[in-house]
Every structure is written in structure tokens, then in C-alpha cells.
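The structure appears below as C-alpha cells.
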Amino acid sequence: MAAACSSWRCLGLLPWRLRAAGQAAGVGLLRAQSRGYCVPFGTGRYARGRARKGSRMLVGAAFALGGTFGLFQTLQNPLKAQEHLAEQQAAKLPAGSLQLTLYQYKTCPFCSKVRAFLDYHGVPYEIVEVNPVMRKEIKFSSYRKVPILLANAGNALQLNDSSVIISAIKTYLVSRKKSLEEIVSFYPPMKAVNERGKEVTEYGNKYWLMLDEMETQHVYPIKETRVEEMKWRKWADDWLVHLISPNVYRTPREALASFNYIVHEGKFGTVEGFFAKYVGAVAMFFISKRLKSRHHLQDNVREDLYKAANDWVKAIGKHRPFMGGSQPNLADLAVYGVLRVMEGLEAYDDMMTHTKIQPWYHRMEKAIGEAEVPNWQLLQPPY
């Protein structure tokens, strides 16, 4: 599964686009698709022919909003446009350091994962909040999901997919022998067909850090810790994110509260925000029921969320503050990044009350808060 958002499917993890059904009225239809990344409304898994186009668009919107919370369109000459923007960004950045710009939906769990990783490692970055309706901010890219990370470390690069971003930047911070461009080449995009017969883009090796033997020994003194970290990073992408939307849109009241938060935190125009809030809430309430069935969740989806939280705590055990031991590792940061998109919502409060995750969660908040100081030494390019 790709680890990015095409829409709210992130909070339900779906991408969405709000298209005007009437230009004057500004009324739009929403359509979405569900993936492991946030994708703007525009493509729909639920689409099944022209007769269902309107329904698909509604699903998409819900998912982008939902996906963005829990929850790809091609430009003419996309590669040239992408390279041009990267060159423009690079021209603005001073030489001699790693400069990062993150394109995101704030409430997308995959974007939240990337922010948690960068913040914990003290890596400074700029944020560009993407309007989930128009998506003008990422028109330079043929990759139509978020997060997108533009990186300049001598050469301007675009990194896609949250897990690829995290693995590549972590490798760069650890390995001073490789350029970021070389590291990114180790995560090639591959076309694949998912279980629904739809062509999707996947990334090979995305949970691996590309380190030599000495570097690997430094990061993973015990071999089993590497396997464990990769296992739970994948679990966060393949299972945990799918529990977000069914829980935050469980009831009409919760769905409205969730979209109120999404619209408040996201980049919406007045009309867009109004329709996103009310149309999106209704759509995601019903879509969350489909998600519950698709992922074989219990009738009371809270029970699945509680079990996931407790499974995570059990995996850490009683003798480690974090899965990474005395400090968070990439699995800790991934799980925390996904879960924190629920903060302020009823599902989050219930999880804290009815599971054993609260002590670990608060330790993560403290660890990231204490680390949010740019580590400029790590950002110097390798010689």
C-alpha cells in the first residue's frame, strides 16, 4: 500500500476533489479514492462507469476530507513542470544545507507521520498547505497525492510517499557517504494492479534504510530490532490508518465534528469549506460504513481501535519506554503520527480512556517537543 494521501481517505484515507456543478453557485460534487496516502479529489476507486461518476466524486470528497484526516491528474508536460518548480525552489535556497519543503494536508495521517519524523530529528522544513479542492499548490507534479517533499541537497529532488520520504531522509542523516539523489534512486516507483484491478504506484524497499554494514550496526545494534521496526511501520500503513475513518465518522455527530476540524485546519475557501463540512460529513458517515465492511471491522469499530492501541503497547512491552528502546524509532514515529490526527475528537478521547496507550503517547509528545530544535550539523551535505 502506498503511504500517502490523495484525499481525506487519510482521515478516512481518501483523496478528493470538489468540482463545481454550477459555476455561479459554486456547488460541487466530491469524489474520492482510498489509498495509503492522501490524494486530492480527482480519482475514484468507487467509480464504476459513467453512471456512477457523481457518486464516485462524492466518495472522493469525503475521502479526501476523510482521507486527509484518517482519513493521482496529469499536467501537460508534467516532468518539465516538475523540474522547473524544483529548480525554482533550489534557486531560492542557500547552498550548503538540506532544504526541505513539505506539501501536505494538515489532517492527513501520512503527512502527520512525516512531520513527526522531521520534528523529532530536528530537521527544519517549510510547509505548504495544499487546498484539497483546487490543489494548485501541487500542479507542478504529476504525482497527485500528498505528502510531497521537495528537497535540495545540492540537487533539487521530489520525494513521494510518506514511508519513502522517511526512509530516504533517515538514510541521508545517518549515511554521510551517499548523496540524497543516490539514496532516492534506491526506492524506485513501480506500477502494480491492486486487488480491485486498478493500476497504482508502489515503491520498492520503502521500509528499508539503505545503510552499509557499519551504519546498520550503529542504528540497529540488535538485528531483530530492524525487522521489528519495519514490521510495525508497515502495520501502521496497512492496518492502523484504516481504523481512523470508521472511528472518527462513526456517528453523524462525530462526522460533523471531524469535518469541522478538517475545514478549520485545512486550506479551504468559504464556499468550499461550507460544502466540504456538511456534504463531506454526510458522505463520510456512509462511506465509513463501507470501510468497516471492506476491512472486516467489528460492528463497534472502537473495539478494533482499542485492540490496535493495546497491541502496539504490548509489542513495546513493559521494559521499554519506546519500541526503539530509550528513544523513539521510525515505528514509534509512524504510529504516533497516524494517531495524533484524531486529537481533539471523541475517538481520541475514548482511545486514551479505554486503552493502555496514554503513557507511551505522552512520552512521544515529550520526546518530539524536546527535539524540535534544528540539528544543523545533520543537515550539512556529505563530503
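Quick note on naming: the chains in the C-alpha cells go A, B, ... in the order shown, residues restart at 1 in each chain, and ligands are numbered from 1 in order of appearance.
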- So which residues touch segment 354-367 of chain A within 10 Å, counting only C-alpha atoms, skipping near sequence neighbours fewer than 3 positions away, as a PyMOL selection string? chain A and resi 116+119-120+302-303+305-314+316+320-323+327-328+332-333+335-337+339-340+349-351+370-372
- Task: Taking the DSSP assignment computed from this structure's backbone, write out as a list in words all residues of segment 167-287 of chain A that belong to strand (DSSP E).
- Result: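 These are the residues in question: Pro189, Met190, Lys191, Ala192, Val193, Glu199, Val200, Thr201, Glu202 and Tyr203 of chain A.
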Output for the residues just chosen: N, CA and C atoms as an mmCIF file, in the first residue's frame:
```cif
data_model
loop_
_atom_site.group_PDB
_atom_site.id
_atom_site.type_symbol
_atom_site.label_atom_id
_atom_site.label_comp_id
_atom_site.auth_asym_id
_atom_site.auth_seq_id
_atom_site.Cartn_x
_atom_site.Cartn_y
_atom_site.Cartn_z
ATOM 1 N N PRO A 189 9.816 3.785 -8.120
ATOM 2 C CA PRO A 189 8.370 3.605 -8.254
ATOM 3 C C PRO A 189 8.069 2.453 -9.201
ATOM 4 N N MET A 190 7.047 1.692 -8.887
ATOM 5 C CA MET A 190 6.673 0.543 -9.709
ATOM 6 C C MET A 190 5.167 0.541 -9.919
ATOM 7 N N LYS A 191 4.744 0.268 -11.121
ATOM 8 C CA LYS A 191 3.324 0.152 -11.420
ATOM 9 C C LYS A 191 2.842 -1.231 -11.006
ATOM 10 N N ALA A 192 1.692 -1.254 -10.366
ATOM 11 C CA ALA A 192 1.120 -2.527 -9.936
ATOM 12 C C ALA A 192 -0.396 -2.442 -10.065
ATOM 13 N N VAL A 193 -1.045 -3.580 -10.006
ATOM 14 C CA VAL A 193 -2.505 -3.645 -10.063
ATOM 15 C C VAL A 193 -3.001 -4.125 -8.706
ATOM 16 N N GLU A 199 -4.726 0.199 -11.560
ATOM 17 C CA GLU A 199 -3.281 0.402 -11.583
ATOM 18 C C GLU A 199 -2.886 1.443 -10.540
ATOM 19 N N VAL A 200 -1.907 1.120 -9.741
ATOM 20 C CA VAL A 200 -1.430 2.015 -8.690
ATOM 21 C C VAL A 200 0.096 2.069 -8.739
ATOM 22 N N THR A 201 0.649 3.065 -8.086
ATOM 23 C CA THR A 201 2.106 3.188 -7.989
ATOM 24 C C THR A 201 2.561 2.750 -6.614
ATOM 25 N N GLU A 202 3.478 1.809 -6.579
ATOM 26 C CA GLU A 202 4.055 1.349 -5.327
ATOM 27 C C GLU A 202 5.554 1.657 -5.350
ATOM 28 N N TYR A 203 6.163 1.614 -4.178
ATOM 29 C CA TYR A 203 7.590 1.907 -4.068
ATOM 30 C C TYR A 203 8.310 0.745 -3.423
#
```
- Between A:Met342, A:Val279, A:Val114, A:Val184, which one has atoms that come closest to Ala4 of chain A, using only C-alpha atoms?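 Ranked by minimum distance to Ala4 of chain A, first place goes to A:Val114.
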- Which value, in Å to one decimal, gives the distance between atom CA of Val130 of chain A and atom CA of Val146 of chain A? 8.5 Å
- Write down as a count of residues only the residues of segment 116-263 of chain A whose backbone DSSP state falls under helix (DSSP H, G or I). 70
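Among A:Cys108, A:Ala276, A:Ala3, A:Val174, the residue with the shortest atom-to-atom distance to Gln217 of chain A, counting only C-alpha atoms, is A:Val174.
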- Mind pulling up the distance from atom CA of Arg294 of chain A to atom CA of Phe259 of chain A? 22.3 Å
- Can you list, as a PyMOL selection string, every protein, DNA or RNA residue that comes within 12 Å of Gly269 of chain A when you count only C-alpha atoms, leaving out same-chain residues fewer than 5 positions away? chain A and resi 18+26+130-134+263-264+274-277
Can I get the selected residues back with all heavy atoms, as a tab-separated table (two decimals), in the first residue's frame?
```tsv
chain	number	residue	atom	x	y	z
A	18	LEU	N	-13.35	18.77	-5.12
A	18	LEU	CA	-14.68	19.36	-5.12
A	18	LEU	C	-14.85	20.04	-6.45
A	18	LEU	O	-14.20	21.02	-6.73
A	18	LEU	CB	-14.79	20.37	-3.98
A	18	LEU	CG	-16.13	21.08	-3.85
A	18	LEU	CD1	-17.21	20.07	-3.61
A	18	LEU	CD2	-16.07	22.07	-2.72
A	26	GLY	N	-21.27	27.77	-7.29
A	26	GLY	CA	-20.08	27.26	-6.60
A	26	GLY	C	-20.36	25.94	-5.93
A	26	GLY	O	-19.66	25.52	-5.03
A	130	VAL	N	-1.85	22.42	1.12
A	130	VAL	CA	-2.47	22.23	-0.18
A	130	VAL	C	-3.99	22.35	-0.05
A	130	VAL	O	-4.60	21.76	0.84
A	130	VAL	CB	-2.10	20.85	-0.77
A	130	VAL	CG1	-2.83	20.59	-2.09
A	130	VAL	CG2	-0.59	20.76	-0.96
A	131	ASN	N	-4.58	23.13	-0.94
A	131	ASN	CA	-6.04	23.22	-1.00
A	131	ASN	C	-6.56	21.92	-1.60
A	131	ASN	O	-6.25	21.60	-2.73
A	131	ASN	CB	-6.45	24.41	-1.88
A	131	ASN	CG	-7.96	24.57	-1.97
A	131	ASN	OD1	-8.66	23.65	-2.36
A	131	ASN	ND2	-8.45	25.74	-1.63
A	132	PRO	N	-7.34	21.14	-0.83
A	132	PRO	CA	-7.74	19.83	-1.31
A	132	PRO	C	-8.73	19.89	-2.46
A	132	PRO	O	-9.02	18.89	-3.10
A	132	PRO	CB	-8.37	19.16	-0.10
A	132	PRO	CG	-8.40	20.15	0.98
A	132	PRO	CD	-7.79	21.44	0.51
A	133	VAL	N	-9.29	21.07	-2.73
A	133	VAL	CA	-10.25	21.22	-3.82
A	133	VAL	C	-9.53	21.55	-5.13
A	133	VAL	O	-9.63	20.82	-6.11
A	133	VAL	CB	-11.29	22.31	-3.50
A	133	VAL	CG1	-12.26	22.47	-4.66
A	133	VAL	CG2	-12.03	21.95	-2.22
A	134	MET	N	-8.79	22.62	-5.14
A	134	MET	CA	-8.13	23.06	-6.36
A	134	MET	C	-6.74	22.46	-6.54
A	134	MET	O	-6.28	22.25	-7.65
A	134	MET	CB	-8.01	24.60	-6.37
A	134	MET	CG	-9.34	25.32	-6.26
A	134	MET	SD	-10.51	24.81	-7.53
A	134	MET	CE	-9.70	25.39	-9.01
A	263	VAL	N	-11.99	21.33	8.11
A	263	VAL	CA	-12.16	22.60	7.41
A	263	VAL	C	-11.42	23.71	8.15
A	263	VAL	O	-10.80	24.59	7.54
A	263	VAL	CB	-13.66	22.93	7.27
A	263	VAL	CG1	-13.85	24.35	6.75
A	263	VAL	CG2	-14.33	21.93	6.32
A	264	HIS	N	-11.47	23.66	9.47
A	264	HIS	CA	-10.79	24.70	10.27
A	264	HIS	C	-9.28	24.64	10.07
A	264	HIS	O	-8.61	25.67	9.97
A	264	HIS	CB	-11.14	24.52	11.75
A	264	HIS	CG	-10.49	25.54	12.64
A	264	HIS	ND1	-9.27	25.33	13.26
A	264	HIS	CD2	-10.88	26.79	13.01
A	264	HIS	CE1	-8.94	26.39	13.97
A	264	HIS	NE2	-9.90	27.29	13.84
A	274	PHE	N	-17.77	25.38	3.41
A	274	PHE	CA	-19.16	25.11	3.79
A	274	PHE	C	-19.62	23.77	3.25
A	274	PHE	O	-20.17	22.93	3.98
A	274	PHE	CB	-20.07	26.23	3.27
A	274	PHE	CG	-21.53	25.99	3.56
A	274	PHE	CD1	-22.08	26.34	4.78
A	274	PHE	CD2	-22.35	25.40	2.60
A	274	PHE	CE1	-23.43	26.11	5.05
A	274	PHE	CE2	-23.69	25.17	2.86
A	274	PHE	CZ	-24.24	25.53	4.08
A	275	PHE	N	-19.40	23.56	1.94
A	275	PHE	CA	-19.85	22.31	1.33
A	275	PHE	C	-19.02	21.13	1.80
A	275	PHE	O	-19.52	20.02	1.96
A	275	PHE	CB	-19.83	22.43	-0.19
A	275	PHE	CG	-20.99	23.22	-0.73
A	275	PHE	CD1	-20.84	24.54	-1.09
A	275	PHE	CD2	-22.26	22.64	-0.83
A	275	PHE	CE1	-21.91	25.28	-1.56
A	275	PHE	CE2	-23.34	23.37	-1.29
A	275	PHE	CZ	-23.17	24.70	-1.67
A	276	ALA	N	-17.72	21.37	2.00
A	276	ALA	CA	-16.87	20.29	2.49
A	276	ALA	C	-17.35	19.82	3.85
A	276	ALA	O	-17.42	18.62	4.13
A	276	ALA	CB	-15.42	20.75	2.57
A	277	LYS	N	-17.68	20.77	4.71
A	277	LYS	CA	-18.08	20.44	6.07
A	277	LYS	C	-19.38	19.63	6.10
A	277	LYS	O	-19.44	18.55	6.70
A	277	LYS	CB	-18.24	21.71	6.90
A	277	LYS	CG	-18.73	21.46	8.33
A	277	LYS	CD	-18.82	22.77	9.11
A	277	LYS	CE	-19.38	22.55	10.50
A	277	LYS	NZ	-19.43	23.81	11.27
```
- Task: Excluding Leu149 of chain A and residues on its chain fewer than 6 positions from it, collect all residues at most 9 Å away from it, counting only C-alpha atoms, and give them as a count of residues only.
- Result: 12
- Min atom-atom distance to Glu137 of chain A from the set A:Arg176, A:Lys267, A:Leu98, A:His218, counting only C-alpha atoms, belongs to A:Lys267
- In Å to one decimal, how far is atom CA of Trp208 of chain A from atom CA of Thr171 of chain A?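 Going from atom CA of Thr171 of chain A over to atom CA of Trp208 of chain A covers 8.9 Å.
The closest residue to Tyr105 of chain A, picked from A:Tyr249, A:Phe268, A:Tyr207, A:Phe286 and counting only C-alpha atoms, is A:Phe268.
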- Near Ala168 of chain A, within 8 Å and counting only C-alpha atoms, which residues show up once chain neighbours fewer than 2 positions away are dropped, as a PyMOL selection string? chain A and resi 164-166+170-172+180+183-184+209-210
Taking all heavy atoms for each residue, export the selection above as a PDB file, in the first residue's frame.
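Output (again.pdb):
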```pdb
ATOM      1  N   VAL A 164       8.577   6.369   1.971  1.00  0.00           N
ATOM      2  CA  VAL A 164       9.787   6.604   1.181  1.00  0.00           C
ATOM      3  C   VAL A 164      10.504   7.850   1.692  1.00  0.00           C
ATOM      4  O   VAL A 164      11.730   7.864   1.862  1.00  0.00           O
ATOM      5  CB  VAL A 164       9.445   6.761  -0.313  1.00  0.00           C
ATOM      6  CG1 VAL A 164      10.683   7.227  -1.097  1.00  0.00           C
ATOM      7  CG2 VAL A 164       8.925   5.448  -0.888  1.00  0.00           C
ATOM      8  N   ILE A 165       9.740   8.909   1.931  1.00  0.00           N
ATOM      9  CA  ILE A 165      10.321  10.159   2.433  1.00  0.00           C
ATOM     10  C   ILE A 165      11.083   9.902   3.731  1.00  0.00           C
ATOM     11  O   ILE A 165      12.230  10.320   3.902  1.00  0.00           O
ATOM     12  CB  ILE A 165       9.226  11.215   2.652  1.00  0.00           C
ATOM     13  CG1 ILE A 165       8.649  11.675   1.304  1.00  0.00           C
ATOM     14  CG2 ILE A 165       9.767  12.416   3.437  1.00  0.00           C
ATOM     15  CD1 ILE A 165       7.401  12.540   1.430  1.00  0.00           C
ATOM     16  N   ILE A 166      10.439   9.206   4.650  1.00  0.00           N
ATOM     17  CA  ILE A 166      11.046   8.962   5.959  1.00  0.00           C
ATOM     18  C   ILE A 166      12.299   8.098   5.826  1.00  0.00           C
ATOM     19  O   ILE A 166      13.346   8.406   6.405  1.00  0.00           O
ATOM     20  CB  ILE A 166      10.018   8.311   6.900  1.00  0.00           C
ATOM     21  CG1 ILE A 166       8.928   9.339   7.270  1.00  0.00           C
ATOM     22  CG2 ILE A 166      10.694   7.761   8.154  1.00  0.00           C
ATOM     23  CD1 ILE A 166       7.722   8.742   7.963  1.00  0.00           C
ATOM     24  N   LYS A 170      16.018   9.616   6.544  1.00  0.00           N
ATOM     25  CA  LYS A 170      16.725   8.973   7.651  1.00  0.00           C
ATOM     26  C   LYS A 170      18.055   8.396   7.169  1.00  0.00           C
ATOM     27  O   LYS A 170      19.100   8.543   7.835  1.00  0.00           O
ATOM     28  CB  LYS A 170      15.863   7.861   8.261  1.00  0.00           C
ATOM     29  CG  LYS A 170      16.539   7.097   9.408  1.00  0.00           C
ATOM     30  CD  LYS A 170      16.756   7.962  10.637  1.00  0.00           C
ATOM     31  CE  LYS A 170      17.276   7.138  11.797  1.00  0.00           C
ATOM     32  NZ  LYS A 170      17.460   7.941  13.029  1.00  0.00           N
ATOM     33  N   THR A 171      18.038   7.741   6.010  1.00  0.00           N
ATOM     34  CA  THR A 171      19.277   7.214   5.447  1.00  0.00           C
ATOM     35  C   THR A 171      20.279   8.338   5.211  1.00  0.00           C
ATOM     36  O   THR A 171      21.473   8.212   5.520  1.00  0.00           O
ATOM     37  CB  THR A 171      19.006   6.481   4.118  1.00  0.00           C
ATOM     38  OG1 THR A 171      18.129   5.371   4.353  1.00  0.00           O
ATOM     39  CG2 THR A 171      20.298   5.958   3.503  1.00  0.00           C
ATOM     40  N   TYR A 172      19.811   9.456   4.701  1.00  0.00           N
ATOM     41  CA  TYR A 172      20.686  10.598   4.424  1.00  0.00           C
ATOM     42  C   TYR A 172      21.305  11.145   5.706  1.00  0.00           C
ATOM     43  O   TYR A 172      22.477  11.509   5.740  1.00  0.00           O
ATOM     44  CB  TYR A 172      19.882  11.684   3.718  1.00  0.00           C
ATOM     45  CG  TYR A 172      20.683  12.931   3.391  1.00  0.00           C
ATOM     46  CD1 TYR A 172      21.527  12.978   2.290  1.00  0.00           C
ATOM     47  CD2 TYR A 172      20.577  14.063   4.203  1.00  0.00           C
ATOM     48  CE1 TYR A 172      22.256  14.121   1.991  1.00  0.00           C
ATOM     49  CE2 TYR A 172      21.303  15.210   3.922  1.00  0.00           C
ATOM     50  CZ  TYR A 172      22.148  15.231   2.816  1.00  0.00           C
ATOM     51  OH  TYR A 172      22.863  16.364   2.542  1.00  0.00           O
ATOM     52  N   LEU A 180      21.794  12.477  -1.465  1.00  0.00           N
ATOM     53  CA  LEU A 180      20.362  12.228  -1.371  1.00  0.00           C
ATOM     54  C   LEU A 180      19.831  11.695  -2.699  1.00  0.00           C
ATOM     55  O   LEU A 180      18.947  10.833  -2.726  1.00  0.00           O
ATOM     56  CB  LEU A 180      19.628  13.514  -0.975  1.00  0.00           C
ATOM     57  CG  LEU A 180      18.117  13.382  -0.766  1.00  0.00           C
ATOM     58  CD1 LEU A 180      17.806  12.344   0.307  1.00  0.00           C
ATOM     59  CD2 LEU A 180      17.517  14.736  -0.379  1.00  0.00           C
ATOM     60  N   ILE A 183      20.468   8.049  -2.823  1.00  0.00           N
ATOM     61  CA  ILE A 183      19.599   7.341  -1.882  1.00  0.00           C
ATOM     62  C   ILE A 183      18.192   7.195  -2.455  1.00  0.00           C
ATOM     63  O   ILE A 183      17.590   6.114  -2.389  1.00  0.00           O
ATOM     64  CB  ILE A 183      19.554   8.091  -0.535  1.00  0.00           C
ATOM     65  CG1 ILE A 183      20.918   7.999   0.154  1.00  0.00           C
ATOM     66  CG2 ILE A 183      18.451   7.527   0.361  1.00  0.00           C
ATOM     67  CD1 ILE A 183      21.068   8.930   1.335  1.00  0.00           C
ATOM     68  N   VAL A 184      17.651   8.264  -3.024  1.00  0.00           N
ATOM     69  CA  VAL A 184      16.297   8.217  -3.567  1.00  0.00           C
ATOM     70  C   VAL A 184      16.191   7.183  -4.688  1.00  0.00           C
ATOM     71  O   VAL A 184      15.144   6.540  -4.861  1.00  0.00           O
ATOM     72  CB  VAL A 184      15.877   9.615  -4.071  1.00  0.00           C
ATOM     73  CG1 VAL A 184      14.556   9.547  -4.838  1.00  0.00           C
ATOM     74  CG2 VAL A 184      15.747  10.575  -2.892  1.00  0.00           C
ATOM     75  N   LEU A 209      16.222   1.122   5.375  1.00  0.00           N
ATOM     76  CA  LEU A 209      17.228   2.181   5.359  1.00  0.00           C
ATOM     77  C   LEU A 209      18.414   1.641   4.562  1.00  0.00           C
ATOM     78  O   LEU A 209      18.871   0.523   4.794  1.00  0.00           O
ATOM     79  CB  LEU A 209      17.667   2.542   6.777  1.00  0.00           C
ATOM     80  CG  LEU A 209      16.585   3.032   7.730  1.00  0.00           C
ATOM     81  CD1 LEU A 209      17.221   3.534   9.028  1.00  0.00           C
ATOM     82  CD2 LEU A 209      15.709   4.104   7.103  1.00  0.00           C
ATOM     83  N   MET A 210      18.910   2.438   3.618  1.00  0.00           N
ATOM     84  CA  MET A 210      19.979   1.986   2.723  1.00  0.00           C
ATOM     85  C   MET A 210      21.341   2.298   3.339  1.00  0.00           C
ATOM     86  O   MET A 210      22.001   3.283   2.997  1.00  0.00           O
ATOM     87  CB  MET A 210      19.814   2.642   1.356  1.00  0.00           C
ATOM     88  CG  MET A 210      18.488   2.306   0.701  1.00  0.00           C
ATOM     89  SD  MET A 210      18.249   0.497   0.575  1.00  0.00           S
ATOM     90  CE  MET A 210      16.533   0.420   0.056  1.00  0.00           C
TER      91      MET A 210
END
```
